[in-house]
Structures are given as structure tokens and as C-alpha cells.
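S.K.: Input model-v5.cif, format and content: mmCIF, C-alpha atoms and all ligand atoms.
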data_data
#
loop_
_atom_site.label_atom_id
_atom_site.label_comp_id
_atom_site.auth_asym_id
_atom_site.auth_seq_id
_atom_site.Cartn_x
_atom_site.Cartn_y
_atom_site.Cartn_z
CA MET A 1 -29.75 35.84 -57.75
CA MET A 2 -27.59 38.38 -55.90
CA TYR A 3 -27.40 41.92 -57.25
CA ALA A 4 -24.06 43.65 -56.76
CA ALA A 5 -22.55 47.10 -57.17
CA ILE A 6 -18.97 48.23 -57.61
CA MET A 7 -17.90 51.60 -56.19
CA GLY A 8 -14.83 52.81 -58.12
CA TYR A 9 -14.21 51.68 -61.71
CA GLY A 10 -10.42 51.98 -61.66
CA THR A 11 -7.90 49.21 -62.19
CA ILE A 12 -9.27 46.83 -59.55
CA GLY A 13 -12.95 47.69 -59.98
CA SER A 14 -12.80 47.10 -63.73
CA GLY A 15 -10.91 43.84 -63.05
CA VAL A 16 -13.75 42.70 -60.78
CA ALA A 17 -16.33 43.51 -63.48
CA GLU A 18 -14.23 41.60 -66.01
CA ILE A 19 -14.01 38.48 -63.83
CA LEU A 20 -17.73 38.60 -62.95
CA GLU A 21 -18.56 38.68 -66.66
CA GLY A 22 -15.89 36.25 -67.90
CA SER A 23 -16.37 33.63 -65.16
CA ARG A 24 -20.11 34.08 -64.67
CA GLU A 25 -21.04 30.39 -64.68
CA ARG A 26 -18.23 29.20 -62.44
CA ILE A 27 -18.94 31.98 -59.95
CA ALA A 28 -22.67 31.15 -59.94
CA GLU A 29 -21.91 27.50 -59.33
CA ARG A 30 -19.60 28.25 -56.42
CA ALA A 31 -21.72 31.01 -54.88
CA GLY A 32 -24.86 28.91 -55.25
CA GLN A 33 -26.57 31.66 -57.23
CA GLU A 34 -25.76 34.12 -59.98
CA ILE A 35 -24.05 37.40 -59.05
CA VAL A 36 -25.40 40.15 -61.29
CA LEU A 37 -23.59 43.47 -61.53
CA LYS A 38 -26.31 46.11 -61.39
CA TYR A 39 -24.42 49.37 -60.77
CA VAL A 40 -20.95 50.81 -61.14
CA LEU A 41 -20.41 54.01 -59.18
CA ASP A 42 -17.80 56.42 -60.49
CA LEU A 43 -17.41 60.15 -61.07
CA ARG A 44 -16.51 59.46 -64.69
CA GLU A 45 -18.50 58.07 -67.63
CA PHE A 46 -17.20 55.00 -69.43
CA PRO A 47 -19.13 55.14 -72.71
CA ASP A 48 -17.06 52.45 -74.46
CA SER A 49 -16.87 50.03 -71.57
CA PRO A 50 -18.97 46.88 -71.04
CA VAL A 51 -20.53 48.55 -67.97
CA ALA A 52 -21.50 51.80 -69.72
CA ASP A 53 -25.22 51.13 -69.11
CA ARG A 54 -24.70 50.56 -65.39
CA ILE A 55 -22.70 53.66 -64.45
CA VAL A 56 -24.21 55.79 -61.68
CA HIS A 57 -22.82 58.87 -59.96
CA ASP A 58 -24.83 58.97 -56.77
CA VAL A 59 -24.15 56.45 -54.01
CA LYS A 60 -27.77 56.80 -52.85
CA VAL A 61 -28.88 54.83 -55.90
CA ILE A 62 -26.95 51.85 -54.51
CA GLU A 63 -27.75 52.44 -50.84
CA GLU A 64 -31.47 52.76 -51.46
CA ASP A 65 -31.86 49.87 -53.91
CA GLU A 66 -33.04 46.98 -51.75
CA GLN A 67 -32.27 44.53 -54.52
CA VAL A 68 -28.53 45.21 -54.11
CA GLY A 69 -27.16 42.98 -51.36
CA LEU A 70 -23.45 43.06 -52.17
CA VAL A 71 -21.22 46.13 -52.63
CA VAL A 72 -17.58 46.21 -53.70
CA GLU A 73 -15.49 49.24 -52.71
CA THR A 74 -12.44 49.73 -54.92
CA MET A 75 -12.16 53.52 -54.76
CA GLY A 76 -9.20 53.64 -52.37
CA GLY A 77 -8.48 56.36 -49.79
CA LEU A 78 -10.64 57.28 -46.83
CA ASN A 79 -12.89 59.91 -48.24
CA PRO A 80 -15.58 59.20 -49.40
CA ALA A 81 -14.91 55.43 -49.16
CA TYR A 82 -15.48 55.37 -45.39
CA SER A 83 -18.90 57.05 -45.42
CA PHE A 84 -20.04 55.05 -48.50
CA VAL A 85 -19.00 51.72 -46.95
CA LYS A 86 -20.48 52.60 -43.57
CA SER A 87 -23.84 53.53 -45.07
CA CYS A 88 -23.95 50.40 -47.25
CA LEU A 89 -23.21 48.15 -44.23
CA SER A 90 -25.75 50.08 -42.15
CA ALA A 91 -28.28 49.47 -44.92
CA GLY A 92 -27.69 45.73 -44.42
CA LYS A 93 -25.53 45.08 -47.49
CA HIS A 94 -22.39 42.93 -47.53
CA VAL A 95 -19.30 45.00 -48.36
CA ILE A 96 -16.05 43.80 -49.91
CA THR A 97 -13.09 46.16 -50.08
CA SER A 98 -9.55 46.18 -51.43
CA ASN A 99 -8.80 49.41 -49.55
CA LYS A 100 -6.03 48.95 -46.94
CA ALA A 101 -6.24 52.55 -45.70
CA LEU A 102 -9.94 52.07 -44.96
CA VAL A 103 -9.46 48.71 -43.22
CA GLU A 104 -6.54 49.93 -41.13
CA ALA A 105 -8.30 53.14 -40.06
CA TYR A 106 -11.91 51.96 -39.64
CA GLY A 107 -11.81 48.14 -39.75
CA THR A 108 -12.86 47.76 -36.10
CA GLU A 109 -15.91 49.98 -36.49
CA LEU A 110 -16.96 48.56 -39.87
CA LEU A 111 -16.65 44.97 -38.62
CA GLN A 112 -18.81 45.89 -35.61
CA ILE A 113 -21.52 47.33 -37.89
CA ALA A 114 -21.36 44.20 -40.04
CA ARG A 115 -21.83 42.01 -36.94
CA GLU A 116 -24.79 44.10 -35.76
CA LYS A 117 -26.42 43.93 -39.17
CA GLY A 118 -25.70 40.25 -39.72
CA VAL A 119 -23.78 40.94 -42.93
CA ASN A 120 -20.12 40.57 -43.91
CA PHE A 121 -17.25 42.99 -44.32
CA PHE A 122 -14.40 41.21 -46.12
CA PHE A 123 -11.04 42.67 -47.18
CA GLU A 124 -8.83 39.88 -48.56
CA ALA A 125 -7.45 42.13 -51.34
CA SER A 126 -6.29 44.82 -48.91
CA VAL A 127 -3.11 42.87 -48.04
CA GLY A 128 -0.93 40.91 -50.44
CA GLY A 129 -3.16 41.56 -53.51
CA GLY A 130 -4.22 38.15 -54.78
CA ILE A 131 -2.45 36.12 -52.08
CA PRO A 132 -5.04 34.48 -49.81
CA ILE A 133 -3.65 35.56 -46.46
CA ILE A 134 -6.62 37.07 -44.61
CA ARG A 135 -8.82 34.03 -45.19
CA THR A 136 -5.89 31.77 -44.30
CA LEU A 137 -5.61 33.52 -40.95
CA TYR A 138 -9.28 33.43 -39.95
CA ARG A 139 -10.21 30.13 -41.51
CA CYS A 140 -7.36 27.76 -42.39
CA LEU A 141 -5.32 28.58 -39.29
CA MET A 142 -8.28 28.99 -36.96
CA GLY A 143 -7.01 26.20 -34.69
CA GLU A 144 -3.61 27.83 -34.35
CA ARG A 145 -2.13 30.46 -32.12
CA ILE A 146 -0.30 32.80 -34.46
CA LEU A 147 3.07 33.80 -33.05
CA GLU A 148 4.61 35.78 -35.89
CA ILE A 149 3.75 37.26 -39.27
CA THR A 150 6.59 38.59 -41.40
CA GLY A 151 5.89 39.78 -44.89
CA ILE A 152 7.40 41.28 -47.99
CA LEU A 153 4.20 43.21 -48.53
CA ASN A 154 5.14 45.82 -51.10
CA GLY A 155 5.99 44.86 -54.66
CA THR A 156 7.48 48.22 -55.63
CA THR A 157 10.13 48.22 -52.91
CA ASN A 158 10.83 44.53 -53.44
CA PHE A 159 11.43 45.25 -57.14
CA ILE A 160 13.81 48.10 -56.25
CA LEU A 161 15.77 46.04 -53.70
CA THR A 162 15.97 43.08 -56.10
CA LYS A 163 17.41 45.38 -58.82
CA MET A 164 19.96 46.75 -56.36
CA ASP A 165 20.91 43.24 -55.31
CA ARG A 166 21.12 41.55 -58.72
CA ASP A 167 22.29 44.42 -60.96
CA GLY A 168 24.22 46.53 -58.47
CA ALA A 169 21.87 49.42 -59.26
CA SER A 170 21.67 52.51 -57.06
CA PHE A 171 18.44 53.20 -55.19
CA GLU A 172 17.70 56.15 -57.49
CA ALA A 173 18.27 54.13 -60.71
CA ALA A 174 16.18 51.21 -59.47
CA LEU A 175 13.37 53.56 -58.42
CA LYS A 176 13.42 55.21 -61.83
CA GLU A 177 13.15 51.82 -63.52
CA ALA A 178 10.23 50.90 -61.24
CA GLN A 179 8.52 54.17 -62.23
CA ASP A 180 9.22 53.64 -65.95
CA LEU A 181 7.68 50.16 -65.73
CA GLY A 182 4.61 51.57 -63.95
CA TYR A 183 5.23 49.77 -60.64
CA ALA A 184 6.11 52.87 -58.64
CA GLU A 185 4.00 56.02 -58.49
CA ARG A 186 5.47 59.35 -59.62
CA ASN A 187 5.30 60.22 -55.93
CA PRO A 188 6.71 56.98 -54.51
CA GLU A 189 6.73 58.07 -50.86
CA ALA A 190 4.02 55.68 -49.59
CA ASP A 191 5.95 52.71 -50.95
CA VAL A 192 9.60 53.63 -50.37
CA GLU A 193 9.06 55.16 -46.91
CA GLY A 194 7.31 51.97 -45.78
CA HIS A 195 3.84 53.48 -45.17
CA ASP A 196 2.10 51.00 -47.50
CA THR A 197 3.79 48.04 -45.79
CA CYS A 198 2.94 49.54 -42.40
CA ARG A 199 -0.80 49.65 -43.13
CA LYS A 200 -0.69 46.06 -44.35
CA ILE A 201 1.19 44.74 -41.31
CA ALA A 202 -1.21 46.71 -39.07
CA ILE A 203 -4.11 44.78 -40.65
CA LEU A 204 -2.28 41.45 -40.33
CA THR A 205 -1.44 42.24 -36.70
CA ALA A 206 -5.12 42.94 -35.99
CA MET A 207 -5.96 39.57 -37.55
CA MET A 208 -3.21 37.91 -35.48
CA THR A 209 -4.19 39.44 -32.13
CA GLY A 210 -7.93 39.92 -32.69
CA LYS A 211 -7.55 43.55 -31.59
CA GLU A 212 -7.46 46.96 -33.23
CA VAL A 213 -3.99 48.03 -34.37
CA HIS A 214 -3.06 51.42 -35.77
CA TYR A 215 -0.23 52.11 -38.16
CA LYS A 216 0.87 55.10 -36.09
CA ASP A 217 1.81 52.70 -33.28
CA ILE A 218 4.14 50.72 -35.56
CA TYR A 219 7.77 51.79 -35.92
CA THR A 220 8.38 52.37 -39.64
CA GLU A 221 11.56 52.82 -41.62
CA GLY A 222 11.65 52.76 -45.43
CA ILE A 223 14.35 51.83 -47.94
CA THR A 224 15.52 55.27 -49.07
CA ARG A 225 18.75 55.04 -47.06
CA ILE A 226 19.74 51.62 -48.46
CA THR A 227 22.66 51.98 -50.87
CA ASP A 228 24.44 49.94 -53.53
CA ARG A 229 27.39 49.78 -51.09
CA ASP A 230 25.18 47.93 -48.60
CA PHE A 231 24.48 45.33 -51.26
CA CYS A 232 28.23 44.94 -51.95
CA TYR A 233 28.63 43.85 -48.33
CA ALA A 234 25.46 41.75 -48.53
CA ARG A 235 26.83 39.83 -51.53
CA LYS A 236 30.11 39.23 -49.71
CA MET A 237 28.20 38.01 -46.66
CA GLY A 238 25.82 35.78 -48.67
CA THR A 239 22.86 37.89 -47.63
CA SER A 240 20.31 40.24 -49.16
CA VAL A 241 18.23 43.15 -47.90
CA LYS A 242 14.41 43.06 -47.93
CA LEU A 243 11.74 45.41 -46.60
CA PHE A 244 9.90 43.46 -43.91
CA GLY A 245 6.69 44.18 -42.12
CA THR A 246 6.95 42.07 -38.98
CA SER A 247 4.67 41.36 -36.06
CA ARG A 248 5.78 39.02 -33.34
CA ILE A 249 4.39 37.86 -30.03
CA VAL A 250 7.08 37.58 -27.35
CA GLY A 251 5.66 36.55 -23.98
CA ASP A 252 2.63 38.77 -23.52
CA GLN A 253 4.03 41.55 -25.71
CA VAL A 254 3.38 42.28 -29.39
CA TYR A 255 6.30 43.75 -31.31
CA ALA A 256 5.65 45.19 -34.75
CA ARG A 257 7.88 47.14 -37.10
CA VAL A 258 8.54 47.95 -40.73
CA ALA A 259 12.21 48.12 -41.66
CA PRO A 260 14.79 46.90 -44.17
CA VAL A 261 16.30 43.69 -42.87
CA MET A 262 19.44 41.86 -43.96
CA ILE A 263 18.60 38.17 -44.35
CA GLY A 264 20.59 35.05 -45.13
CA ARG A 265 19.98 32.59 -47.99
CA GLU A 266 18.36 30.15 -45.57
CA HIS A 267 15.62 32.63 -44.69
CA PRO A 268 12.31 31.43 -46.19
CA LEU A 269 11.65 34.91 -47.66
CA TYR A 270 15.09 35.16 -49.36
CA GLY A 271 13.75 33.88 -52.69
CA VAL A 272 10.83 36.34 -52.87
CA SER A 273 12.05 38.73 -55.55
CA GLY A 274 10.90 41.31 -58.06
CA VAL A 275 7.36 42.58 -57.65
CA PHE A 276 6.20 39.45 -55.82
CA ASN A 277 5.03 39.41 -52.22
CA GLY A 278 5.66 36.70 -49.65
CA ILE A 279 4.20 36.24 -46.19
CA LEU A 280 5.62 33.94 -43.55
CA VAL A 281 3.43 32.85 -40.65
CA LYS A 282 4.67 31.09 -37.54
CA SER A 283 2.04 29.37 -35.46
CA ASP A 284 2.10 27.01 -32.51
CA MET A 285 1.05 23.71 -34.14
CA LEU A 286 1.81 24.08 -37.84
CA GLY A 287 5.11 25.87 -37.31
CA THR A 288 6.25 27.91 -40.30
CA SER A 289 4.05 28.33 -43.37
CA MET A 290 4.54 30.66 -46.35
CA TYR A 291 2.19 32.36 -48.78
CA TYR A 292 3.58 33.72 -52.05
CA GLY A 293 2.25 35.41 -55.15
CA SER A 294 1.21 38.62 -56.87
CA GLY A 295 0.74 41.35 -54.32
CA ALA A 296 -0.72 43.83 -56.80
CA GLY A 297 -2.10 44.08 -60.33
CA LYS A 298 -5.56 44.19 -61.84
CA LEU A 299 -6.63 40.56 -62.11
CA PRO A 300 -4.71 39.12 -59.12
CA THR A 301 -6.22 41.74 -56.80
CA ALA A 302 -9.67 41.50 -58.40
CA SER A 303 -9.50 37.72 -57.96
CA ALA A 304 -9.27 38.20 -54.18
CA VAL A 305 -12.25 40.59 -54.30
CA VAL A 306 -14.33 38.08 -56.27
CA ALA A 307 -13.46 35.29 -53.81
CA ASP A 308 -14.73 37.53 -50.99
CA MET A 309 -17.91 38.20 -52.98
CA ILE A 310 -18.52 34.47 -53.34
CA GLU A 311 -17.89 33.91 -49.63
CA ALA A 312 -20.35 36.70 -48.78
CA VAL A 313 -23.03 35.14 -50.99
CA GLN A 314 -22.37 31.71 -49.49
CA ASN A 315 -22.95 33.31 -46.08
CA GLN A 316 -25.59 35.79 -47.09
CA ASP A 317 -27.72 35.25 -44.00
CA ARG A 318 -25.00 35.34 -41.36
CA ASN A 319 -21.94 37.21 -40.26
CA VAL A 320 -18.71 35.22 -40.59
CA ALA A 321 -16.52 35.83 -37.52
CA LEU A 322 -13.06 37.10 -38.46
CA GLY A 323 -11.87 37.23 -34.85
CA TRP A 324 -11.10 40.99 -34.93
CA GLY A 325 -12.82 42.54 -31.90
CA ASN A 326 -13.18 46.06 -30.50
CA GLU A 327 -10.33 46.11 -27.98
CA GLN A 328 -7.18 48.04 -28.83
CA GLN A 329 -3.82 46.26 -28.96
CA GLN A 330 -1.01 47.92 -26.99
CA MET A 331 2.21 47.56 -28.93
CA ALA A 332 5.50 46.77 -27.17
CA ASP A 333 8.27 49.37 -27.09
CA ILE A 334 10.57 48.46 -29.97
CA ASN A 335 13.57 49.46 -27.82
CA THR A 336 13.08 46.36 -25.71
CA GLY A 337 13.04 44.03 -28.75
CA GLU A 338 16.19 42.10 -29.65
CA CYS A 339 17.98 41.79 -32.98
CA ARG A 340 21.39 41.60 -34.65
CA TYR A 341 22.73 44.69 -36.40
CA PHE A 342 24.91 45.31 -39.45
CA VAL A 343 26.91 48.53 -39.09
CA ARG A 344 29.17 50.42 -41.53
CA ILE A 345 31.59 52.98 -40.17
CA GLU A 346 34.19 55.27 -41.75
CA GLY A 347 37.66 54.22 -40.65
CA ASN A 348 40.39 51.63 -40.92
CA LEU A 349 39.55 48.23 -39.49
CA SER A 350 43.01 47.30 -38.18
CA GLU A 351 43.30 50.67 -36.43
CA GLY A 352 39.76 50.47 -35.06
CA LYS A 353 39.59 46.82 -33.98
CA GLN A 354 40.45 47.47 -30.33
CA LYS A 355 38.05 50.36 -30.03
CA LEU A 356 35.30 48.27 -31.62
CA ALA A 357 35.95 45.35 -29.25
CA SER A 358 35.94 47.65 -26.21
CA VAL A 359 32.43 48.81 -27.12
CA PHE A 360 30.75 45.80 -28.78
CA GLY A 361 33.01 42.89 -27.69
CA GLN A 362 34.15 40.36 -30.29
CA VAL A 363 32.12 40.85 -33.47
CA GLU A 364 32.39 39.64 -37.07
CA THR A 365 33.95 42.27 -39.33
CA PHE A 366 33.92 42.88 -43.09
CA VAL A 367 36.00 45.02 -45.43
CA LEU A 368 35.46 45.89 -49.09
CA ASP A 369 38.46 46.64 -51.32
CA ASP A 370 39.13 50.28 -52.14
CA THR A 371 36.85 51.78 -49.51
CA ASP A 372 37.54 54.02 -46.51
CA GLU A 373 35.32 52.03 -44.16
CA PHE A 374 34.58 48.68 -42.60
CA ALA A 375 31.47 46.89 -41.39
CA PHE A 376 30.60 44.64 -38.49
CA LEU A 377 27.79 42.37 -37.35
CA THR A 378 26.69 42.43 -33.72
CA GLU A 379 25.34 39.58 -31.67
CA LYS A 380 21.64 39.66 -30.74
CA ILE A 381 21.07 42.58 -28.38
CA SER A 382 18.19 44.85 -27.46
CA GLU A 383 17.54 47.88 -29.65
CA LYS A 384 18.07 50.14 -26.64
CA CYS A 385 21.41 48.57 -25.77
CA PHE A 386 22.50 48.68 -29.41
CA ARG A 387 21.60 52.39 -29.73
CA GLU A 388 23.59 53.23 -26.58
CA LEU A 389 26.69 51.34 -27.74
CA ALA A 390 26.42 52.72 -31.27
CA THR A 391 26.26 56.27 -29.90
CA VAL A 392 29.46 55.66 -27.90
CA LEU A 393 31.30 54.22 -30.92
CA ASP A 394 30.02 56.92 -33.26
CA GLY A 395 31.09 59.62 -30.82
CA GLU A 396 34.59 58.19 -30.54
CA TYR A 397 35.03 58.08 -34.31
CA GLN A 398 33.55 61.54 -34.86
CA SER A 399 35.82 63.05 -32.22
CA LYS A 400 38.75 61.87 -34.39
CA GLY A 401 37.34 63.59 -37.48
CA SER A 402 35.64 60.51 -38.98
CA GLU A 403 32.14 60.61 -40.42
CA GLY A 404 31.35 57.85 -37.91
CA ILE A 405 28.55 55.37 -38.46
CA ARG A 406 27.26 55.42 -42.02
CA GLN A 407 24.70 52.68 -41.97
CA ILE A 408 22.72 50.47 -39.60
CA ILE A 409 20.57 47.58 -40.86
CA ARG A 410 18.80 44.99 -38.71
CA VAL A 411 19.83 41.41 -39.44
CA GLU A 412 17.94 38.11 -39.34
CA LEU A 413 20.08 35.39 -40.77
CA ALA A 414 17.68 32.42 -40.57
N1 LIG B 501 2.05 50.00 -54.22
C1 LIG B 501 1.69 48.70 -53.76
C2 LIG B 501 2.86 47.75 -54.05
C3 LIG B 501 0.44 48.23 -54.46
O1 LIG B 501 3.82 48.14 -54.71
O2 LIG B 501 2.85 46.61 -53.59
C4 LIG B 501 -0.31 47.17 -53.73
O3 LIG B 501 -0.78 47.61 -52.49
#
Can the structure from this file be put into C-alpha cells for me?

M.R.:
Amino acid sequence: MMYAAIMGYGTIGSGVAEILEGSRERIAERAGQEIVLKYVLDLREFPDSPVADRIVHDVKVIEEDEQVGLVVETMGGLNPAYSFVKSCLSAGKHVITSNKALVEAYGTELLQIAREKGVNFFFEASVGGGIPIIRTLYRCLMGERILEITGILNGTTNFILTKMDRDGASFEAALKEAQDLGYAERNPEADVEGHDTCRKIAILTAMMTGKEVHYKDIYTEGITRITDRDFCYARKMGTSVKLFGTSRIVGDQVYARVAPVMIGREHPLYGVSGVFNGILVKSDMLGTSMYYGSGAGKLPTASAVVADMIEAVQNQDRNVALGWGNEQQQMADINTGECRYFVRIEGNLSEGKQKLASVFGQVETFVLDDTDEFAFLTEKISEKCFRELATVLDGEYQSKGSEGIRQIIRVELA
């Protein structure tokens, strides 16, 4: 019998308790022994809940109870999650977390403590909710060299962009709908500015490279500047716009970024819509593989936590190597990375064609009826080169009284 504790009885924590109770026999069979929930740590009381008799308010009760060998952290945030998790691992207990901020900020240190103590620190639910991507990377693809991970890792922004694409909604209207439906927070900044996606791609990059990666080293752009006009062009071009977290190995360099990307219908992630997440992995032997499902929500996320709990019990006497070591990964300068770019500029296309060609060469152009602008699609060039050329073109248009460049979106058609 393995005694467990849950720290944080919010949406995910209560989902974990629900699954442990509802699927008790199946979990026992798969874990090889029964997992018994002994404590639930929270600041609040839950008198009407099924765990009312197990609520505790002091983490020391859990830390000091030698019977408890397995601790789930579903509090979120860094404080006090970090110190609670660290002391539980140091006390020789397995820890499972759904907390991406914790894993991104302290994963390297917590994994090291787990190795030293011969216990496990698992975090499947921290990326992609219920989608099994972390275990896929360290177990199923363990014979592969991972070359790229690109994910739609945030359900809120994917819902907003899908609404803008399918219904022609403005960003503001789609955000409001996401908030009304409870997908987006009242303060949606972490989602719409790309910070949530950035933490998740930082964790996936650490799993890909085996080294520590920090979100501050990853270029991040959100979706707040994407407009319904952009989607009018996208529809005309047979494309859509998605928020991608991408990490790619090119030679001996690792490029990572979070940004909206215009993609074609042939792109494997094109069909990932609404609140769903999708993660594409390119590796040297398998080639492209895709993982799709619910990236958030009570039971999907709790399901990933419970799977980690079972894995910890199956390996209760040894540390399972996740391949994430102590070295720090240097990230490549995004300016040297190459991409295609979609650009919208105020002006008349027939008047501006020569000017455009003199700066960017022959490029595909697009015009929407009844607008005072046109758009074009560059060939693949480096970010640095693109920025220099765009500055020249923008300057020329602005010197003639035009607003100049209105929009720039990176493009990956296949
Ligand atoms: N706010 C996140 C999302 C929740 O919308 O995907 C899961 O991390």
C-alpha cells in the first residue's frame, strides 16, 4: 500500500482525488499496490467534500509522516510550491506536479534532488494537460534524436484564433467569448501574450536537449496584434494563423520561439482547433509524429497526474532517468534563424510593385477588395535580413505619408 498526499485542492487536485477514488481498483492493479490518499493540504476547509476528513493545513504533517511516500503538487505558482516540493523530495518522497512554472524555473534542481534521493519527480501534466508528451519524449522516443518540437500548447489562444478564423471575429470579441466560457482568465495576459506557451516550450526544449532551458531565453510574441483583417488574407491564401511554441535543432544550434505563425492546410497542426492542443515532434528515425488532445481541464489534466503517480509507484525503489541534466542550454540568436514572412503595408499595390521588387525581389502579393493596403509573402530569409529589408521598405512608405508596414507574421506553409 502506498500512502499519498495532494497539496492544493483546486480544480486539478480535486480531479486527482476523484480519479483515485473512482478508479481505485484499476489503479491498484496497474500500480501493483493500492494508492491511499491520506492527506489533502489546502488553506481552505472543504466540509462537504469527500476528502473533508483528510484536510490538513500544515505541510509538515505530510513531510514528517514516513508513511507518505507519494506527494502530488497541484497548487500552481512558485511560492510556496517550490519549498514544499523541495522538502518533500529531500524527505525521500516521490513528487508529481502539474505546475509548469515550477518545472520551468526549478526543474533542474528538483530532478537532481530526486536522483540523489532515489525517488522520482514527474511532471507530465505541466505541458499539454492530458496529452502524454513528456513520457513520450523520455520513454517512447528514447531511441530517437529529437530534431524539432512544435506545439499548439495553449487552449485559450487556440480557441480565440479559431473563432477569428471561422467566424471572422475580432480579437477582442473572441477573447470576451473565451472569458465568458471560462477558458480565459479575467486577466488573460499569460495566455494571450504567449507566456504560458513559452514556459511549456521551455520544458519541452529541456526534454529535447537534456539541458536546462529558461523561458527568459526564448523569444516570445503573443496574439494580441493579430486582427480579423489578417484572417481575411489567410482565408484568401488558404492558410490560418496559430500560436506556435517551437524548438528546433539546426546544426549545433537550438532555436526556440513563441509566435503566431501563418500555416497552410497541409501543415499537420492545421486541424488542431478550438481549445485542443497539438504537439508535433520530428525525430531522426521516426520522422514526424503528432500528439493531440485536451491541453487543460480537470479530468484530462488529473489523468496525467494519476499516470505519473502509477509510474512512481511502479518505480518506487529507483529513480527513472528523464534525460534532463544540470548543464544549461545556450539558445541560438533568433536573428540568424530563417523563415518566410507575411507583410501588410498601407498603399496601392500597382503603384508600389516596383518599390517592393527593388527591396524584396519578386514576391507573391495579395489584395483585398475595398482596402487601402496590400500584402506580400517573402521567400525564406533570415530574421535579421528580413528586419533590415522591412525597415527600408517601411521607411520609404512612411516618407511618402503612408502608415507603412501594418503587420508581420511568420509563415510556415508545410
Ligand atoms: N491557460 C492554459 C490554456 C491552461 O489555456 O491552455 C493550461 O495550461

S.K.: Could you check which of A:Thr209, A:Thr378, A:Asn315, A:Ser350 is closest to Val363 (chain A), using all atoms listed in the file?

M.R.: A:Thr378

S.K.: Where does chain A meet ligand LIG 501 (chain B) within 6 Å, residue by residue, with the nearest atom pair and distance in Å to one decimal for each, counting only C-alpha atoms and all ligand atoms, listed by chain and rising number, as a Markdown table?

M.R.:
| residue | atom | partner | partner_atom | distance |
| --- | --- | --- | --- | --- |
| A:Asn154 | CA | B:LIG501 | O2 | 3.5 |
| A:Gly155 | CA | B:LIG501 | O2 | 3.8 |
| A:Thr156 | CA | B:LIG501 | O1 | 3.8 |
| A:Asp191 | CA | B:LIG501 | N1 | 5.8 |
| A:Gly295 | CA | B:LIG501 | O2 | 5.7 |
| A:Ala296 | CA | B:LIG501 | C4 | 4.6 |

S.K.: Compare A:Leu286, A:Ile279, A:Ile96, A:Val254 by their minimum atom-to-atom distance to Leu141 (chain A), counting all atoms listed in the file, and give me the closest one.

M.R.: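 Among A:Leu286, A:Ile279, A:Ile96, A:Val254, it is A:Leu286 that comes nearest to Leu141 (chain A).
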
S.K.: How many Å separate CA of Val68 (chain A) from CA of Leu137 (chain A)?

M.R.: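 Atom-to-atom, CA of Val68 (chain A) and CA of Leu137 (chain A) are spaced 28.9 Å apart.
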
S.K.: So the first atom is CA of Glu25 (chain A) and the second is CA of Tyr291 (chain A); what is the distance between them in Å, to one decimal place?

M.R.: 28.2 Å

S.K.: Between A:Val281, A:Ala101, A:Ile113, A:Ala31, single out the one closest to Asn319 (chain A), counting all atoms listed in the file.

M.R.: A:Ile113

S.K.: So what do you get for CA of Glu34 (chain A) versus CA of Ala52 (chain A), distance-wise?

M.R.: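 These atoms are spaced 20.6 Å apart.
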
S.K.: Can you tell me which residues surround Thr224 (chain A) at a distance of at most 9 Å, considering only C-alpha atoms, apart from same-chain residues fewer than 2 positions away, and format the answer as a PyMOL selection string?

M.R.: chain A and resi 171-172+192-193+221-222+226-227

S.K.: Mind writing the picked residues with C-alpha atoms as an mmCIF file, in the coordinates of the input?

M.R.:
data_model
loop_
_atom_site.group_PDB
_atom_site.id
_atom_site.type_symbol
_atom_site.label_atom_id
_atom_site.label_comp_id
_atom_site.auth_asym_id
_atom_site.auth_seq_id
_atom_site.Cartn_x
_atom_site.Cartn_y
_atom_site.Cartn_z
ATOM 1 C CA PHE A 171 18.440 53.200 -55.190
ATOM 2 C CA GLU A 172 17.700 56.150 -57.490
ATOM 3 C CA VAL A 192 9.600 53.630 -50.370
ATOM 4 C CA GLU A 193 9.060 55.160 -46.910
ATOM 5 C CA GLU A 221 11.560 52.820 -41.620
ATOM 6 C CA GLY A 222 11.650 52.760 -45.430
ATOM 7 C CA ILE A 226 19.740 51.620 -48.460
ATOM 8 C CA THR A 227 22.660 51.980 -50.870
#

S.K.: Write out as JSON, numbers by chain which residues come within 8 Å of region 406-408 of chain A when counting all atoms listed in the file, dropping same-chain ones fewer than 2 positions away.

M.R.: {"A": [341, 342, 343, 344, 345, 346, 403, 404, 410]}

S.K.: I need the residue nearest Ile249 (chain A) from this list: A:Gln330, A:Gln316, A:Ser382, A:Ser49. Use only C-alpha atoms for the distance.

M.R.: A:Gln330

S.K.: Please check which residues have atoms at most 9 Å from (21.2, 42.8, -48.0) in the file's coordinates, counting all atoms listed in the file, and write them as a PyMOL selection string.

M.R.: chain A and resi 161+165+226+230-235+237-242+260-264+409+411

S.K.: Find the spatial neighbours of region 59-62 of chain A, counting all atoms listed in the file, within a cut-off of 12 Å - ignore same-chain residues fewer than 2 positions away - and output them as a ChimeraX atom specification.

M.R.: /A:3-8,37-43,54-57,64-73,80-81,83-89,91-93,95

S.K.: Smallest atom-to-atom distance to Thr371 (chain A): which of A:Val258, A:Lys163, A:Arg229, A:Asp252, using only C-alpha atoms?

M.R.: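 So, comparing all the options, the nearest one is A:Arg229.
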
S.K.: With only C-alpha atoms as the counted atoms, please give the residues lying no more than 9 Å from Ile310 (chain A), apart from itself and same-chain residues fewer than 6 positions off, as JSON, numbers by chain.

M.R.: {"A": [27, 28, 30, 31, 32, 35]}

S.K.: Please produce a file of those selected residues containing C-alpha atoms, as a short mmCIF file (atom, residue, chain, number, x, y, z; two decimals), in the coordinates of the input.

M.R.:
data_model
loop_
_atom_site.label_atom_id
_atom_site.label_comp_id
_atom_site.auth_asym_id
_atom_site.auth_seq_id
_atom_site.Cartn_x
_atom_site.Cartn_y
_atom_site.Cartn_z
CA ILE A 27 -18.94 31.98 -59.95
CA ALA A 28 -22.67 31.15 -59.94
CA ARG A 30 -19.60 28.25 -56.42
CA ALA A 31 -21.72 31.01 -54.88
CA GLY A 32 -24.86 28.91 -55.25
CA ILE A 35 -24.05 37.40 -59.05
#

S.K.: Need to verify the contact set: Gly10 (chain A), 10 Å, only C-alpha atoms, exclusion of same-chain residues closer than 6 positions in sequence. Can you return it as a ChimeraX atom specification?

M.R.: /A:16,42,74-76,298
